[in-house]
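*Asks:* Provided below: data.pdb, containing PDB, C-alpha atoms.
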ATOM      1  CA  MET Z  13       0.000   0.000   0.000
ATOM      2  CA  GLN Z  14       1.363   3.445  -0.874
ATOM      3  CA  ALA Z  15       2.686   5.560   1.984
ATOM      4  CA  LEU Z  16       0.563   8.497   3.014
ATOM      5  CA  PRO Z  17       1.896  12.037   3.270
ATOM      6  CA  ALA Z  18       3.051  12.952   6.784
ATOM      7  CA  ALA Z  19       0.210  15.479   7.153
ATOM      8  CA  ALA Z  20      -2.371  12.792   6.468
ATOM      9  CA  THR Z  21      -1.195  10.284   9.108
ATOM     10  CA  ALA Z  22      -3.065  11.776  12.073
ATOM     11  CA  PRO Z  23      -5.496   9.038  13.182
ATOM     12  CA  ILE Z  24      -9.074   9.165  11.942
ATOM     13  CA  LEU Z  25      -9.925   6.891  14.861
ATOM     14  CA  GLU Z  26      -8.059   6.898  18.154
ATOM     15  CA  VAL Z  27      -9.209   4.573  20.933
ATOM     16  CA  ARG Z  28      -7.746   5.262  24.371
ATOM     17  CA  ASP Z  29      -8.047   2.842  27.300
ATOM     18  CA  LEU Z  30     -11.455   1.574  26.172
ATOM     19  CA  ARG Z  31     -13.306  -0.516  28.748
ATOM     20  CA  THR Z  32     -16.586  -2.279  27.953
ATOM     21  CA  HIS Z  33     -18.032  -4.498  30.656
ATOM     22  CA  PHE Z  34     -21.068  -6.770  30.804
ATOM     23  CA  PHE Z  35     -22.921  -6.724  34.096
ATOM     24  CA  MET Z  36     -24.239 -10.271  34.570
ATOM     25  CA  ARG Z  37     -25.879 -11.961  37.539
ATOM     26  CA  ALA Z  38     -22.745 -14.047  38.004
ATOM     27  CA  GLY Z  39     -20.505 -10.973  38.015
ATOM     28  CA  VAL Z  40     -18.886  -8.359  35.787
ATOM     29  CA  VAL Z  41     -17.356  -9.557  32.514
ATOM     30  CA  PRO Z  42     -14.508  -7.257  31.319
ATOM     31  CA  ALA Z  43     -14.995  -8.036  27.616
ATOM     32  CA  VAL Z  44     -12.805  -5.081  26.619
ATOM     33  CA  ASP Z  45     -10.332  -4.071  29.304
ATOM     34  CA  GLY Z  46      -8.068  -1.103  28.573
ATOM     35  CA  VAL Z  47      -7.740  -1.318  24.786
ATOM     36  CA  SER Z  48      -5.907   1.456  22.904
ATOM     37  CA  PHE Z  49      -5.116   1.805  19.195
ATOM     38  CA  GLY Z  50      -5.350   4.240  16.288
ATOM     39  CA  VAL Z  51      -6.182   3.985  12.579
ATOM     40  CA  ALA Z  52      -4.901   6.609  10.132
ATOM     41  CA  PRO Z  53      -6.406   7.604   6.755
ATOM     42  CA  GLY Z  54      -5.742   4.945   4.128
ATOM     43  CA  GLU Z  55      -4.566   2.461   6.754
ATOM     44  CA  VAL Z  56      -5.846  -1.052   7.433
ATOM     45  CA  LEU Z  57      -5.562  -2.285  11.023
ATOM     46  CA  GLY Z  58      -6.188  -5.987  11.575
ATOM     47  CA  LEU Z  59      -7.686  -6.885  14.949
ATOM     48  CA  VAL Z  60      -6.955 -10.572  15.537
ATOM     49  CA  GLY Z  61      -7.833 -13.103  18.221
ATOM     50  CA  GLU Z  62      -9.741 -16.240  19.153
ATOM     51  CA  SER Z  63     -13.496 -16.219  19.659
ATOM     52  CA  GLY Z  64     -14.195 -14.510  22.973
ATOM     53  CA  SER Z  65     -11.081 -12.357  22.889
ATOM     54  CA  GLY Z  66     -13.110  -9.124  22.745
ATOM     55  CA  LYS Z  67     -12.419  -8.024  19.177
ATOM     56  CA  THR Z  68     -16.072  -7.895  18.063
ATOM     57  CA  VAL Z  69     -17.137  -6.082  21.237
ATOM     58  CA  THR Z  70     -14.390  -3.547  20.504
ATOM     59  CA  GLY Z  71     -15.912  -2.873  17.079
ATOM     60  CA  PHE Z  72     -19.416  -2.606  18.507
ATOM     61  CA  SER Z  73     -18.146  -0.230  21.184
ATOM     62  CA  VAL Z  74     -16.689   2.114  18.565
ATOM     63  CA  MET Z  75     -20.075   2.149  16.816
ATOM     64  CA  ARG Z  76     -21.868   2.579  20.144
ATOM     65  CA  LEU Z  77     -23.931  -0.542  19.441
ATOM     66  CA  VAL Z  78     -23.283  -2.415  22.688
ATOM     67  CA  GLU Z  79     -26.623  -3.313  24.283
ATOM     68  CA  PRO Z  80     -27.471  -4.011  27.944
ATOM     69  CA  PRO Z  81     -26.179  -5.653  30.037
ATOM     70  CA  GLY Z  82     -23.069  -4.381  28.278
ATOM     71  CA  ARG Z  83     -21.872  -0.834  28.844
ATOM     72  CA  ILE Z  84     -18.852   1.318  28.001
ATOM     73  CA  VAL Z  85     -17.467   2.143  31.446
ATOM     74  CA  GLY Z  86     -14.284   4.009  30.578
ATOM     75  CA  GLY Z  87     -11.933   5.353  27.955
ATOM     76  CA  LYS Z  88     -12.257   7.554  24.893
ATOM     77  CA  ILE Z  89     -13.248   6.815  21.287
ATOM     78  CA  LEU Z  90     -11.976   9.764  19.273
ATOM     79  CA  PHE Z  91     -13.228  10.085  15.690
ATOM     80  CA  ARG Z  92     -11.681  13.135  14.058
ATOM     81  CA  GLY Z  93     -11.116  14.421  17.581
ATOM     82  CA  ARG Z  94     -14.745  13.964  18.728
ATOM     83  CA  ASP Z  95     -15.316  11.524  21.573
ATOM     84  CA  LEU Z  96     -18.000   9.141  20.320
ATOM     85  CA  ALA Z  97     -18.543   7.863  23.845
ATOM     86  CA  GLN Z  98     -19.933  11.288  24.794
ATOM     87  CA  LEU Z  99     -22.141  11.921  21.745
ATOM     88  CA  SER Z 100     -25.924  11.768  21.869
ATOM     89  CA  GLU Z 101     -27.687   8.903  20.113
ATOM     90  CA  ARG Z 102     -28.994  11.332  17.485
ATOM     91  CA  ALA Z 103     -25.462  12.544  16.707
ATOM     92  CA  MET Z 104     -24.303   8.930  16.415
ATOM     93  CA  ARG Z 105     -27.104   8.140  13.951
ATOM     94  CA  ASP Z 106     -25.827  10.954  11.739
ATOM     95  CA  LEU Z 107     -22.388   9.335  11.706
ATOM     96  CA  ARG Z 108     -23.358   5.675  11.349
ATOM     97  CA  GLY Z 109     -23.631   4.559   7.756
ATOM     98  CA  ASN Z 110     -22.443   7.952   6.568
ATOM     99  CA  ARG Z 111     -18.959   8.767   7.867
ATOM    100  CA  ILE Z 112     -18.549   5.508   9.814
ATOM    101  CA  ALA Z 113     -19.812   2.205   8.447
ATOM    102  CA  MET Z 114     -19.813  -1.318   9.797
ATOM    103  CA  VAL Z 115     -20.007  -4.642   8.002
ATOM    104  CA  PHE Z 116     -21.434  -7.337  10.253
ATOM    105  CA  GLN Z 117     -20.442 -10.991  10.194
ATOM    106  CA  ASP Z 118     -24.049 -12.123   9.691
ATOM    107  CA  PRO Z 119     -25.604 -10.359   6.665
ATOM    108  CA  MET Z 120     -29.114 -11.083   7.913
ATOM    109  CA  THR Z 121     -28.517  -8.610  10.739
ATOM    110  CA  THR Z 122     -27.951  -5.976   8.043
ATOM    111  CA  LEU Z 123     -30.712  -6.814   5.549
ATOM    112  CA  ASN Z 124     -34.449  -6.602   6.172
ATOM    113  CA  PRO Z 125     -35.908  -9.910   4.882
ATOM    114  CA  VAL Z 126     -39.255  -8.360   3.826
ATOM    115  CA  LEU Z 127     -37.861  -5.447   1.763
ATOM    116  CA  ARG Z 128     -36.384  -5.601  -1.721
ATOM    117  CA  ILE Z 129     -32.682  -4.887  -2.092
ATOM    118  CA  ASP Z 130     -33.287  -1.669  -4.050
ATOM    119  CA  THR Z 131     -35.491  -0.288  -1.265
ATOM    120  CA  GLN Z 132     -32.819  -0.972   1.334
ATOM    121  CA  LEU Z 133     -29.902   0.464  -0.629
ATOM    122  CA  ILE Z 134     -31.770   3.505  -1.945
ATOM    123  CA  GLU Z 135     -33.111   4.387   1.503
ATOM    124  CA  ALA Z 136     -29.602   4.015   2.933
ATOM    125  CA  VAL Z 137     -28.349   6.580   0.414
ATOM    126  CA  ARG Z 138     -31.202   9.044   0.911
ATOM    127  CA  ALA Z 139     -31.107   8.821   4.706
ATOM    128  CA  HIS Z 140     -27.947  10.917   4.831
ATOM    129  CA  GLY Z 141     -28.582  13.631   2.279
ATOM    130  CA  ARG Z 142     -30.847  15.139  -0.326
ATOM    131  CA  THR Z 143     -30.464  12.783  -3.248
ATOM    132  CA  SER Z 144     -32.939  12.034  -6.007
ATOM    133  CA  ARG Z 145     -34.216   8.507  -6.244
ATOM    134  CA  ARG Z 146     -32.593   8.115  -9.672
ATOM    135  CA  ALA Z 147     -29.177   9.211  -8.351
ATOM    136  CA  ALA Z 148     -29.558   6.983  -5.282
ATOM    137  CA  ARG Z 149     -30.390   4.023  -7.497
ATOM    138  CA  ALA Z 150     -27.345   4.692  -9.687
ATOM    139  CA  ARG Z 151     -25.139   4.762  -6.597
ATOM    140  CA  ALA Z 152     -26.671   1.479  -5.416
ATOM    141  CA  VAL Z 153     -25.945  -0.164  -8.773
ATOM    142  CA  GLU Z 154     -22.359   1.111  -8.646
ATOM    143  CA  ALA Z 155     -21.841  -0.256  -5.118
ATOM    144  CA  MET Z 156     -23.223  -3.687  -6.060
ATOM    145  CA  ALA Z 157     -20.961  -3.838  -9.087
ATOM    146  CA  MET Z 158     -17.971  -2.938  -6.906
ATOM    147  CA  VAL Z 159     -18.463  -6.089  -4.807
ATOM    148  CA  GLY Z 160     -18.823  -8.356  -7.817
ATOM    149  CA  ILE Z 161     -22.598  -8.897  -8.030
ATOM    150  CA  PRO Z 162     -23.472  -9.762 -11.664
ATOM    151  CA  GLN Z 163     -26.290  -7.872 -13.394
ATOM    152  CA  PRO Z 164     -26.670  -5.446 -10.482
ATOM    153  CA  GLU Z 165     -29.587  -3.506 -12.015
ATOM    154  CA  GLU Z 166     -31.682  -6.651 -12.303
ATOM    155  CA  ARG Z 167     -30.678  -8.003  -8.881
ATOM    156  CA  LEU Z 168     -31.798  -4.804  -7.175
ATOM    157  CA  SER Z 169     -35.424  -5.909  -7.478
ATOM    158  CA  ALA Z 170     -34.797  -9.204  -5.638
ATOM    159  CA  TYR Z 171     -35.413 -10.002  -1.968
ATOM    160  CA  PRO Z 172     -32.641 -11.140   0.430
ATOM    161  CA  HIS Z 173     -33.915 -14.749   0.506
ATOM    162  CA  GLN Z 174     -33.318 -14.969  -3.245
ATOM    163  CA  PHE Z 175     -29.565 -14.610  -2.711
ATOM    164  CA  SER Z 176     -27.072 -17.108  -1.343
ATOM    165  CA  GLY Z 177     -25.352 -16.398   1.968
ATOM    166  CA  GLY Z 178     -22.216 -15.181   0.187
ATOM    167  CA  MET Z 179     -24.228 -12.875  -2.087
ATOM    168  CA  ARG Z 180     -26.056 -11.412   0.911
ATOM    169  CA  GLN Z 181     -22.704 -10.722   2.527
ATOM    170  CA  ARG Z 182     -21.561  -8.899  -0.601
ATOM    171  CA  ILE Z 183     -24.687  -6.741  -0.464
ATOM    172  CA  ALA Z 184     -23.932  -5.949   3.184
ATOM    173  CA  ILE Z 185     -20.453  -4.824   2.134
ATOM    174  CA  ALA Z 186     -21.977  -2.765  -0.704
ATOM    175  CA  ILE Z 187     -24.195  -0.940   1.815
ATOM    176  CA  ALA Z 188     -21.079  -0.042   3.823
ATOM    177  CA  LEU Z 189     -19.430   1.375   0.685
ATOM    178  CA  LEU Z 190     -22.422   3.492  -0.424
ATOM    179  CA  HIS Z 191     -21.255   6.774   1.159
ATOM    180  CA  ARG Z 192     -17.518   6.130   0.839
ATOM    181  CA  PRO Z 193     -17.150   6.523   4.623
ATOM    182  CA  GLU Z 194     -14.007   7.758   6.314
ATOM    183  CA  LEU Z 195     -13.918   4.692   8.575
ATOM    184  CA  ILE Z 196     -15.150   1.135   7.956
ATOM    185  CA  ILE Z 197     -15.297  -1.436  10.739
ATOM    186  CA  ALA Z 198     -15.509  -4.911   9.217
ATOM    187  CA  ASP Z 199     -16.357  -7.822  11.525
ATOM    188  CA  GLU Z 200     -15.148 -10.940   9.680
ATOM    189  CA  PRO Z 201     -16.988  -9.816   6.525
ATOM    190  CA  THR Z 202     -15.540 -12.436   4.169
ATOM    191  CA  THR Z 203     -16.209 -15.536   6.313
ATOM    192  CA  ALA Z 204     -19.155 -16.667   4.143
ATOM    193  CA  LEU Z 205     -17.420 -16.011   0.809
ATOM    194  CA  ASP Z 206     -15.504 -18.411  -1.364
ATOM    195  CA  VAL Z 207     -11.793 -17.788  -1.893
ATOM    196  CA  THR Z 208     -12.172 -16.122  -5.320
ATOM    197  CA  ILE Z 209     -14.816 -13.628  -4.180
ATOM    198  CA  GLN Z 210     -12.904 -13.048  -0.954
ATOM    199  CA  ALA Z 211      -9.867 -12.027  -2.988
ATOM    200  CA  GLN Z 212     -11.991  -9.599  -5.040
ATOM    201  CA  ILE Z 213     -13.439  -8.000  -1.896
ATOM    202  CA  LEU Z 214     -10.023  -7.655  -0.267
ATOM    203  CA  ALA Z 215      -8.621  -6.044  -3.418
ATOM    204  CA  GLU Z 216     -11.583  -3.637  -3.494
ATOM    205  CA  VAL Z 217     -11.198  -2.520   0.111
ATOM    206  CA  GLN Z 218      -7.453  -2.043  -0.397
ATOM    207  CA  ARG Z 219      -8.192   0.154  -3.420
ATOM    208  CA  LEU Z 220     -10.791   2.072  -1.399
ATOM    209  CA  ALA Z 221      -8.282   2.724   1.360
ATOM    210  CA  ARG Z 222      -5.526   3.728  -1.053
ATOM    211  CA  GLU Z 223      -7.550   5.973  -3.375
ATOM    212  CA  HIS Z 224     -10.043   7.526  -0.950
ATOM    213  CA  GLY Z 225      -8.063   7.519   2.280
ATOM    214  CA  THR Z 226     -10.621   5.320   4.029
ATOM    215  CA  ALA Z 227      -9.451   3.886   7.358
ATOM    216  CA  LEU Z 228     -10.321   0.224   7.932
ATOM    217  CA  LEU Z 229     -10.556  -1.727  11.166
ATOM    218  CA  TRP Z 230     -10.623  -5.354   9.986
ATOM    219  CA  ILE Z 231     -11.740  -7.808  12.688
ATOM    220  CA  THR Z 232     -10.850 -11.410  11.944
ATOM    221  CA  HIS Z 233      -9.391 -14.664  13.209
ATOM    222  CA  ASP Z 234      -7.813 -15.416   9.804
ATOM    223  CA  LEU Z 235      -4.107 -14.587   9.866
ATOM    224  CA  SER Z 236      -3.746 -15.208   6.121
ATOM    225  CA  VAL Z 237      -6.256 -12.421   5.415
ATOM    226  CA  VAL Z 238      -4.428 -10.069   7.776
ATOM    227  CA  ALA Z 239      -1.074 -10.895   6.180
ATOM    228  CA  GLY Z 240      -2.313  -9.912   2.720
ATOM    229  CA  LEU Z 241      -4.537  -6.985   3.663
ATOM    230  CA  ALA Z 242      -3.438  -5.103   6.772
ATOM    231  CA  ASP Z 243      -0.707  -2.548   7.324
ATOM    232  CA  ARG Z 244      -0.659  -3.090  11.081
ATOM    233  CA  VAL Z 245      -2.038  -5.799  13.353
ATOM    234  CA  ALA Z 246      -3.223  -5.833  16.957
ATOM    235  CA  VAL Z 247      -3.578  -9.219  18.674
ATOM    236  CA  MET Z 248      -6.237  -9.488  21.401
ATOM    237  CA  TYR Z 249      -6.509 -11.988  24.226
ATOM    238  CA  ALA Z 250      -8.988 -11.951  27.128
ATOM    239  CA  GLY Z 251     -10.109  -8.399  26.403
ATOM    240  CA  ARG Z 252      -6.667  -6.848  26.022
ATOM    241  CA  ILE Z 253      -4.215  -6.171  23.226
ATOM    242  CA  VAL Z 254      -1.162  -8.341  23.897
ATOM    243  CA  GLU Z 255       0.889  -7.402  20.824
ATOM    244  CA  SER Z 256       0.714  -4.821  18.044
ATOM    245  CA  GLY Z 257       2.886  -3.467  15.276
ATOM    246  CA  ALA Z 258       3.549  -3.556  11.541
ATOM    247  CA  VAL Z 259       1.951  -6.686  10.117
ATOM    248  CA  ASP Z 260       5.172  -8.053   8.563
ATOM    249  CA  ARG Z 261       7.125  -7.470  11.758
ATOM    250  CA  VAL Z 262       4.568  -9.099  14.062
ATOM    251  CA  LEU Z 263       3.873 -12.127  11.850
ATOM    252  CA  ASP Z 264       7.549 -12.735  10.993
ATOM    253  CA  HIS Z 265       8.938 -11.949  14.457
ATOM    254  CA  PRO Z 266       6.233 -12.409  17.104
ATOM    255  CA  ARG Z 267       7.289 -11.495  20.619
ATOM    256  CA  HIS Z 268       4.244 -12.643  22.592
ATOM    257  CA  PRO Z 269       3.693 -16.401  23.149
ATOM    258  CA  TYR Z 270       0.014 -16.104  22.217
ATOM    259  CA  THR Z 271       0.835 -14.490  18.863
ATOM    260  CA  SER Z 272       3.452 -17.160  18.257
ATOM    261  CA  GLY Z 273       0.910 -19.857  19.122
ATOM    262  CA  LEU Z 274      -1.649 -18.473  16.682
ATOM    263  CA  ILE Z 275       0.912 -18.430  13.881
ATOM    264  CA  GLU Z 276       2.135 -21.948  14.652
ATOM    265  CA  SER Z 277      -1.481 -23.193  14.589
ATOM    266  CA  VAL Z 278      -1.902 -22.306  10.908
ATOM    267  CA  PRO Z 279      -2.108 -25.667   9.062
ATOM    268  CA  SER Z 280       0.213 -24.588   6.239
ATOM    269  CA  ARG Z 281       3.063 -24.237   8.755
ATOM    270  CA  ASN Z 282       2.810 -27.868   9.840
ATOM    271  CA  ARG Z 283       4.675 -30.774   8.231
ATOM    272  CA  ARG Z 284       2.694 -33.295   6.210
ATOM    273  CA  GLY Z 285       1.725 -36.243   8.397
ATOM    274  CA  ALA Z 286       2.580 -34.473  11.644
ATOM    275  CA  ARG Z 287       0.012 -33.555  14.288
ATOM    276  CA  LEU Z 288      -1.310 -30.011  13.989
ATOM    277  CA  ARG Z 289       0.217 -27.666  16.505
ATOM    278  CA  GLN Z 290      -2.181 -25.938  18.849
ATOM    279  CA  ILE Z 291      -2.210 -23.657  21.857
ATOM    280  CA  PRO Z 292      -2.751 -25.839  24.942
ATOM    281  CA  GLY Z 293      -5.721 -25.267  27.221
ATOM    282  CA  MET Z 294      -8.787 -23.129  26.739
ATOM    283  CA  THR Z 295      -9.574 -19.408  26.624
ATOM    284  CA  PRO Z 296     -10.062 -18.343  30.267
ATOM    285  CA  ASN Z 297     -13.427 -17.506  31.761
ATOM    286  CA  LEU Z 298     -13.566 -13.708  31.914
ATOM    287  CA  LEU Z 299     -15.485 -13.980  35.174
ATOM    288  CA  ALA Z 300     -12.511 -15.749  36.762
ATOM    289  CA  LEU Z 301      -9.337 -14.558  35.059
ATOM    290  CA  PRO Z 302      -6.068 -15.812  36.548
ATOM    291  CA  ARG Z 303      -4.103 -13.322  38.594
ATOM    292  CA  GLY Z 304      -1.483 -11.431  36.609
ATOM    293  CA  CYS Z 305      -1.021 -12.356  32.934
ATOM    294  CA  ALA Z 306      -4.251 -13.864  31.571
ATOM    295  CA  PHE Z 307      -2.271 -16.153  29.246
ATOM    296  CA  ARG Z 308       0.093 -17.608  31.846
ATOM    297  CA  THR Z 309      -1.931 -20.828  32.421
ATOM    298  CA  ARG Z 310      -1.443 -21.714  28.733
ATOM    299  CA  CYS Z 311       2.022 -20.247  28.209
ATOM    300  CA  PRO Z 312       5.094 -22.498  27.763
ATOM    301  CA  HIS Z 313       7.356 -19.685  29.011
ATOM    302  CA  ALA Z 314       5.439 -18.694  32.163
ATOM    303  CA  ALA Z 315       7.414 -17.986  35.340
ATOM    304  CA  ASP Z 316       6.784 -16.578  38.819
ATOM    305  CA  ALA Z 317       6.913 -13.004  37.536
ATOM    306  CA  CYS Z 318       3.812 -13.677  35.409
ATOM    307  CA  ALA Z 319       1.665 -13.615  38.557
ATOM    308  CA  ALA Z 320       1.938  -9.811  38.217
ATOM    309  CA  GLU Z 321       0.205  -7.829  35.473
ATOM    310  CA  PRO Z 322       2.548  -7.151  32.499
ATOM    311  CA  ARG Z 323       2.441  -3.777  30.764
ATOM    312  CA  LEU Z 324       2.705  -3.028  27.064
ATOM    313  CA  THR Z 325       6.339  -2.301  26.280
ATOM    314  CA  GLU Z 326       8.118  -1.516  23.014
ATOM    315  CA  THR Z 327      10.429  -4.364  22.040
ATOM    316  CA  ALA Z 328      11.219  -3.037  18.556
ATOM    317  CA  PRO Z 329      10.367   0.224  16.763
ATOM    318  CA  GLY Z 330       6.554   0.325  16.620
ATOM    319  CA  GLN Z 331       6.122  -3.191  18.075
ATOM    320  CA  MET Z 332       4.385  -3.286  21.466
ATOM    321  CA  VAL Z 333       4.180  -6.455  23.572
ATOM    322  CA  ARG Z 334       2.432  -7.270  26.874
ATOM    323  CA  CYS Z 335       4.874  -9.887  28.199
ATOM    324  CA  PHE Z 336       7.684 -10.181  30.759
ATOM    325  CA  TYR Z 337       9.758 -12.570  28.627
ATOM    326  CA  PRO Z 338       9.491 -11.636  24.929
ATOM    327  CA  GLU Z 339      13.086 -12.783  24.412
ATOM    328  CA  ARG Z 340      12.044 -16.353  25.273
ATOM    329  CA  VAL Z 341       9.545 -16.323  22.402
ATOM    330  CA  THR Z 342      12.250 -15.065  20.038
ATOM    331  CA  ALA Z 343      14.650 -17.778  21.164
ATOM    332  CA  ALA Z 344      12.007 -20.484  20.763
TER
END
Would you write out, as C-alpha cells, the structure that this file holds?
*Replies:*
Amino acid sequence: MQALPAAATAPILEVRDLRTHFFMRAGVVPAVDGVSFGVAPGEVLGLVGESGSGKTVTGFSVMRLVEPPGRIVGGKILFRGRDLAQLSERAMRDLRGNRIAMVFQDPMTTLNPVLRIDTQLIEAVRAHGRTSRRAARARAVEAMAMVGIPQPEERLSAYPHQFSGGMRQRIAIAIALLHRPELIIADEPTTALDVTIQAQILAEVQRLAREHGTALLWITHDLSVVAGLADRVAVMYAGRIVESGAVDRVLDHPRHPYTSGLIESVPSRNRRGARLRQIPGMTPNLLALPRGCAFRTRCPHAADACAAEPRLTETAPGQMVRCFYPERVTAA
C-alpha cells in the first residue's frame, strides 16, 4: 500500500483505554479491558484473536452498538477528535452509515428480509442527504458492481432470501461502501465467501483505502487475510491487546507467546503427516481470570513473575508487547 503524506497520518480513529463491561448476575465480565489503538487515513488495522477475545465487542463499542447488560465504562473513542462515547444517540445516527460504516459478520442482521434490495440500498443513500431517487439508485448499482454482483440492475429488485449467503454478505459490504465513509469497521466480513470472491473483496477494500483515504478496522481470526490486507495488526486476548505493530514485523517476528501460538497453529506451517500444533488449554473464563497475565496458564514460558500484570512495552520500533519474557519467544 502506498505511503501516506506525513500530514495525512493523524489518526481518523483513536481509541484510548477503552473498557466495555457486561454486568451479569454471576458478576462483571470485562470483555474489553483497557484497549488502545489508532487507525490513520488509508490504513488497514487488523484486529486478531480467538473467539471470545473481545475483538467484536471492541468494534461494537466504537459504533456505540453495545446493548445491555453491556456498557462502556471508561476510555475515549476519538473520531476526528470527537469523543463518540460522549455523543448523543442522534449525533451517532448521523455518523453511522455515513462517515462511519460497519459490516457485520451475519448479513441477515444488516438486511431486512421483507424489503427488496433496491429499497434498502436507496433508503440508505437518501437517509444521509438530499439525493434524487434516480441518483440513489445509480449509486446502489455502482456499489453492487464494486463487490462483484453480476447484473446489479436486475438483482436490485430481488429479496434477500433470493440470494445465497455469500451474495447477501456482498450486499452488506456494498451498503457499507455506499457513502464512501471515512472509517469502515468490518467484523469478519468475508467468512461466508468463497476464496475467489474473498480475494476480489479484499482487493476492493485495499483500493478504497488507497484511493479515498478510508481507514479500515478489519476484525478477523484469519491470519492469512491479515497478512495480505493489513498494514498493522493488533492481537487481542482476554479483552486486552497483547501485541501490536507492523503486520510483517509481528507475523515474521512475534514477541508474545500467544501471537506465536496463533501463527504456529496455521495448518500450512505444519509438516505433512505431523500432528497439527495448537495452543494448549482453553480461553479463560472472563469472570474468573487468573491473577497477573491472563495467558500464563497456557504459556510455555510462564514464570513466577507472570503472577503480576505485564504492561505493554516496546520491544522493537513500533512493536508493542504485553509480556515479561518476549526474548524467550524469540529464542524459541
*Asks:* Suppose you want the space between atom CA of Arg222 of chain Z and atom CA of Val278 of chain Z; what is it in Å?
*Replies:* 28.9 Å
*Asks:* To verify the selection step, state as a list in words which residues the PyMOL selection byres ((chain Z and resi 305-321) around 8) yields on this input.
*Replies:* Tyr249, Ala250, Pro269, Tyr270, Ile291, Pro292, Gly293, Met294, Pro296, Leu301, Pro302, Arg303, Gly304, Pro322, Arg323, Cys335, Phe336, Tyr337, Arg340 and Val341 of chain Z
*Asks:* For a quick check of understanding, using only C-alpha atoms, which of Z:Val44, Z:Ala139, Z:Ile196, Z:Leu133 has the smallest distance to Tyr171 of chain Z?
*Replies:* Z:Leu133
*Asks:* Out of Z:Pro53, Z:Gly141, Z:Pro23, Z:Gly66, which residue has the shortest atom-to-atom distance to Glu223 of chain Z when counting only C-alpha atoms?
*Replies:* Z:Pro53
*Asks:* Run the PyMOL selection byres ((chain Z and resi 130) around 9) on the file and write out the hits as number ranges by chain.
*Replies:* Z: 127-129, 131-135, 149, 152-153, 165, 167-171
*Asks:* Could you write out as a list in words the residues that the PyMOL selection byres ((chain Z and resi 113) around 10) matches in the shown file?
*Replies:*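 Matching residues under the PyMOL selection byres ((chain Z and resi 113) around 10) are Met75, Leu107, Arg108, Gly109, Asn110, Arg111, Ile112, Met114, Val115, Phe116, Ile185, Ile187, Ala188, Leu189, Leu190, His191, Arg192, Pro193, Glu194, Leu195, Ile196, Ile197, Ala198 and Leu228 of chain Z.
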*Asks:* Mind pulling up the distance from atom CA of Thr68 of chain Z to atom CA of Val137 of chain Z?
*Replies:*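 Rounded to one decimal, the two atoms are 25.9 Å apart.
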*Asks:* Using all atoms listed in the file, which of Z:Ile183, Z:Pro81, Z:Arg146, Z:Phe72 sits nearest Pro162 of chain Z?
*Replies:*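 So, comparing all the options, the nearest one is Z:Ile183.
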*Asks:* Atoms are missing here; could segment 309-323 of chain Z be completed with N, CA and C atoms and written as a compact mmCIF listing (two decimals), in the frame of the given file?
*Replies:*
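The result, written out as result.txt:
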# COMPACT_ATOMS: atom_id res chain seq x y z
N THR Z 309 -1.56 -19.42 32.21
CA THR Z 309 -1.93 -20.83 32.42
C THR Z 309 -1.77 -21.66 31.15
N ARG Z 310 -1.60 -21.01 30.00
CA ARG Z 310 -1.44 -21.71 28.73
C ARG Z 310 -0.05 -21.50 28.13
N CYS Z 311 0.76 -20.72 28.80
CA CYS Z 311 2.02 -20.25 28.21
C CYS Z 311 3.17 -21.20 28.51
N PRO Z 312 3.95 -21.61 27.52
CA PRO Z 312 5.09 -22.50 27.76
C PRO Z 312 6.27 -21.78 28.41
N HIS Z 313 6.24 -20.45 28.46
CA HIS Z 313 7.36 -19.68 29.01
C HIS Z 313 7.02 -19.03 30.35
N ALA Z 314 5.88 -19.37 30.95
CA ALA Z 314 5.44 -18.69 32.16
C ALA Z 314 6.42 -18.94 33.31
N ALA Z 315 6.55 -17.92 34.17
CA ALA Z 315 7.41 -17.99 35.34
C ALA Z 315 6.72 -17.26 36.49
N ASP Z 316 7.38 -17.20 37.63
CA ASP Z 316 6.78 -16.58 38.82
C ASP Z 316 6.40 -15.13 38.57
N ALA Z 317 7.19 -14.42 37.78
CA ALA Z 317 6.91 -13.00 37.54
C ALA Z 317 5.57 -12.79 36.85
N CYS Z 318 5.06 -13.81 36.16
CA CYS Z 318 3.81 -13.68 35.41
C CYS Z 318 2.58 -13.60 36.31
N ALA Z 319 2.77 -13.79 37.62
CA ALA Z 319 1.66 -13.62 38.56
C ALA Z 319 1.34 -12.13 38.74
N ALA Z 320 2.21 -11.25 38.25
CA ALA Z 320 1.94 -9.81 38.22
C ALA Z 320 1.41 -9.44 36.84
N GLU Z 321 0.79 -8.27 36.73
CA GLU Z 321 0.20 -7.83 35.47
C GLU Z 321 1.27 -7.20 34.58
N PRO Z 322 1.56 -7.78 33.39
CA PRO Z 322 2.55 -7.15 32.50
C PRO Z 322 1.98 -5.92 31.80
N ARG Z 323 2.83 -4.98 31.49
CA ARG Z 323 2.44 -3.78 30.76
C ARG Z 323 2.91 -3.87 29.32
